[in-house]
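Novice: For reference, the file work03.cif (mmCIF, C-alpha atoms) is included below:
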data_final
#
loop_
_atom_site.label_atom_id
_atom_site.label_comp_id
_atom_site.auth_asym_id
_atom_site.auth_seq_id
_atom_site.Cartn_x
_atom_site.Cartn_y
_atom_site.Cartn_z
CA MET A 1 -26.73 39.22 53.55
CA GLU A 2 -27.73 39.66 49.88
CA LEU A 3 -24.33 38.38 48.77
CA ALA A 4 -24.75 35.22 50.83
CA LEU A 5 -28.09 34.58 49.13
CA VAL A 6 -27.05 35.41 45.57
CA LEU A 7 -23.49 34.02 45.46
CA PRO A 8 -24.47 30.29 45.25
CA LEU A 9 -26.85 31.03 42.38
CA LEU A 10 -24.21 33.05 40.54
CA LEU A 11 -21.66 30.27 40.96
CA ILE A 12 -24.10 27.70 39.60
CA VAL A 13 -24.83 29.88 36.57
CA LEU A 14 -21.11 30.47 35.99
CA ILE A 15 -20.23 26.77 36.22
CA GLY A 16 -23.13 25.91 33.90
CA ALA A 17 -22.02 28.48 31.31
CA VAL A 18 -18.44 27.21 31.33
CA GLN A 19 -19.58 23.59 31.06
CA PHE A 20 -21.91 24.45 28.17
CA ALA A 21 -19.05 26.20 26.34
CA LEU A 22 -16.74 23.20 26.83
CA VAL A 23 -19.33 20.76 25.48
CA GLN A 24 -19.96 22.98 22.45
CA HIS A 25 -16.20 23.13 21.86
CA ALA A 26 -16.01 19.32 21.97
CA ARG A 27 -18.88 19.03 19.48
CA THR A 28 -17.23 21.54 17.14
CA VAL A 29 -13.88 19.74 17.31
CA THR A 30 -15.58 16.39 16.63
CA GLU A 31 -17.46 17.77 13.63
CA ALA A 32 -14.35 19.43 12.17
CA ALA A 33 -12.30 16.26 12.67
CA ALA A 34 -14.91 14.09 10.92
CA VAL A 35 -15.14 16.46 7.93
CA GLU A 36 -11.35 16.79 7.67
CA GLY A 37 -10.92 13.01 7.75
CA ALA A 38 -13.55 12.56 5.04
CA ARG A 39 -11.93 15.30 2.94
CA LEU A 40 -8.54 13.62 3.13
CA ALA A 41 -9.92 10.13 2.40
CA ALA A 42 -11.83 11.51 -0.60
CA SER A 43 -8.71 13.10 -2.06
CA GLU A 44 -6.92 11.41 -4.94
CA GLY A 45 -4.22 9.04 -3.69
CA TYR A 46 -5.43 8.68 -0.08
CA THR A 47 -7.15 5.74 1.60
CA LEU A 48 -9.98 5.37 4.07
CA GLU A 49 -7.47 4.39 6.76
CA GLU A 50 -5.55 7.63 6.26
CA GLY A 51 -8.78 9.58 6.58
CA ALA A 52 -9.62 7.79 9.83
CA LEU A 53 -6.11 8.47 11.14
CA ARG A 54 -6.47 12.18 10.32
CA THR A 55 -9.80 12.26 12.16
CA ARG A 56 -8.21 10.60 15.20
CA ALA A 57 -5.24 12.99 15.14
CA MET A 58 -7.52 16.03 15.07
CA LEU A 59 -9.64 14.66 17.92
CA GLU A 60 -6.55 14.10 20.04
CA ALA A 61 -5.19 17.55 19.18
CA GLY A 62 -8.46 19.30 20.01
CA LEU A 63 -9.68 17.25 22.99
CA GLY A 64 -6.49 15.81 24.45
CA SER A 65 -6.82 12.54 26.32
CA THR A 66 -10.61 12.65 25.96
CA GLY A 67 -10.21 12.43 22.17
CA THR A 68 -8.26 9.18 22.39
CA ALA A 69 -11.36 7.37 23.67
CA PHE A 70 -13.48 8.29 20.61
CA THR A 71 -14.36 5.61 18.05
CA VAL A 72 -13.53 6.58 14.46
CA THR A 73 -14.71 4.79 11.31
CA ALA A 74 -14.44 5.63 7.62
CA GLU A 75 -16.41 4.06 4.80
CA ARG A 76 -17.18 4.57 1.15
CA GLN A 77 -20.83 5.06 0.25
CA GLY A 78 -21.13 5.16 -3.50
CA ASP A 79 -19.18 8.19 -4.76
CA ALA A 80 -18.81 9.66 -1.27
CA VAL A 81 -16.57 9.04 1.72
CA VAL A 82 -18.14 9.18 5.18
CA THR A 83 -16.27 9.31 8.48
CA HIS A 84 -17.94 8.85 11.86
CA ALA A 85 -16.55 9.93 15.23
CA THR A 86 -18.36 8.80 18.38
CA GLY A 87 -17.47 9.20 22.02
CA THR A 88 -18.36 10.79 25.33
CA TYR A 89 -17.25 14.03 26.93
CA PRO A 90 -16.97 14.11 30.74
CA LEU A 91 -18.62 16.90 32.70
CA PHE A 92 -16.60 18.66 35.39
CA ILE A 93 -19.53 19.68 37.58
CA PRO A 94 -18.23 19.62 41.17
CA TRP A 95 -19.17 16.56 43.23
CA VAL A 96 -20.75 14.87 40.21
CA THR A 97 -17.79 13.53 38.29
CA GLU A 98 -19.27 10.51 36.55
CA LEU A 99 -21.60 12.35 34.17
CA GLU A 100 -20.74 12.20 30.46
CA ILE A 101 -22.34 13.73 27.38
CA PRO A 102 -22.45 11.53 24.24
CA ILE A 103 -20.99 13.24 21.19
CA GLU A 104 -21.37 11.91 17.66
CA SER A 105 -20.54 13.50 14.35
CA SER A 106 -20.01 12.46 10.76
CA GLY A 107 -18.54 14.07 7.68
CA GLN A 108 -19.37 13.28 4.07
CA VAL A 109 -17.30 14.39 1.08
CA TRP A 110 -17.60 13.38 -2.57
CA LYS A 111 -14.70 11.25 -3.81
CA GLU A 112 -12.33 13.04 -6.18
CA GLY A 113 -12.22 11.58 -9.63
CA PHE A 114 -10.86 13.03 -12.83
CA ARG A 115 -12.59 12.06 -16.04
CA SER A 116 -11.20 12.38 -19.52
CA GLY A 117 -13.16 14.00 -22.25
CA PRO A 118 -15.77 16.76 -22.31
#
What is this structure when it is put down as structure tokens?
Specialist:
Amino acid sequence: MELALVLPLLLIVLIGAVQFALVQHARTVTEAAAVEGARLAASEGYTLEEGALRTRAMLEAGLGSTGTAFTVTAERQGDAVVTHATGTYPLFIPWVTELEIPIESSGQVWKEGFRSGP
């Protein structure tokens, strides 16, 4: 009798914990991809487009088909390069399949530049 009362609650807690972990993973992947794209675009000899492509590649590697739907932009702001990754992550909660969590992250890295002289 106790199992019949407690089991639904335990399943809800378990599903919630797994879903929370998956969303945190998606946020971490998005943040790492944005920083890596900005780092590459800020490196000597690379362009903003190459930084955006690196961000997209990391999103697809870390999130699979969900990462392909993210919007990626790269821009120069003064002496820095900023990449933005924006998208949604679907929740897998049973019977509620149309819920999505918005995820947005940006990375900023100073542009490399070598100066002559002291």
Novice: What is the atom CA of His84 of chain A to atom CA of Thr68 of chain A distance in Å?
Specialist: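 According to the coordinates, atom CA of His84 of chain A and atom CA of Thr68 of chain A are separated by 14.3 Å.
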Novice: Can you list, as number ranges by chain, the residues that the PyMOL selection byres ((chain A and resi 18-29) around 8) selects here?
Specialist: A: 14-17, 30-33, 58-59, 62-63, 89, 91-93, 101, 103-105
Novice: Decode the PyMOL selection byres ((chain A and resi 79) around 10) for the given file into explicit residues and return them as a list of chain:residue names.
Specialist: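 Given this file, the PyMOL selection byres ((chain A and resi 79) around 10) evaluates to A:Ala42, A:Arg76, A:Gln77, A:Gly78, A:Ala80, A:Val81, A:Val109, A:Trp110, A:Lys111, A:Glu112, A:Gly113.
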Novice: Residue by residue, what does the PyMOL selection byres ((chain A and resi 51) around 7) grab here? Present the result as a short mmCIF file (atom, residue, chain, number, x, y, z; two decimals) with C-alpha atoms, in the frame of the given file.
Specialist:
data_model
loop_
_atom_site.label_atom_id
_atom_site.label_comp_id
_atom_site.auth_asym_id
_atom_site.auth_seq_id
_atom_site.Cartn_x
_atom_site.Cartn_y
_atom_site.Cartn_z
CA GLY A 37 -10.92 13.01 7.75
CA ALA A 38 -13.55 12.56 5.04
CA LEU A 40 -8.54 13.62 3.13
CA ALA A 41 -9.92 10.13 2.40
CA THR A 47 -7.15 5.74 1.60
CA LEU A 48 -9.98 5.37 4.07
CA GLU A 49 -7.47 4.39 6.76
CA GLU A 50 -5.55 7.63 6.26
CA ALA A 52 -9.62 7.79 9.83
CA LEU A 53 -6.11 8.47 11.14
CA ARG A 54 -6.47 12.18 10.32
CA THR A 55 -9.80 12.26 12.16
CA ALA A 74 -14.44 5.63 7.62
#
Novice: Would you mind reading off the distance between atom CA of Glu36 of chain A and atom CA of Val82 of chain A, one decimal, in Å?
Specialist: 10.5 Å
Novice: Using all atoms of segment 50-57 of chain A that appear in the file, construct an axis-aligned enclosing box with 5 Å of padding on every side and provide its centre coordinates and edge lengths in Å, rounded to one decimal, as AutoDock Vina command-line options.
Specialist:
--center_x -7.5 --center_y 10.3 --center_z 10.7 --size_x 14.6 --size_y 15.4 --size_z 18.9
Novice: Would you mind telling me which residue in A:Pro102, A:Gly45, A:Leu10, A:Thr97 lies nearest to Phe70 of chain A when using all atoms listed in the file?
Specialist: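 Closest to Phe70 of chain A, using all atoms listed in the file: A:Pro102.
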Novice: Need the shell around Thr71 of chain A: protein/DNA/RNA residues with any atom at most 8 Å away, counting only C-alpha atoms. Skip same-chain ones fewer than 4 positions apart. Format as a ChimeraX atom specification?
Specialist: /A:84-87
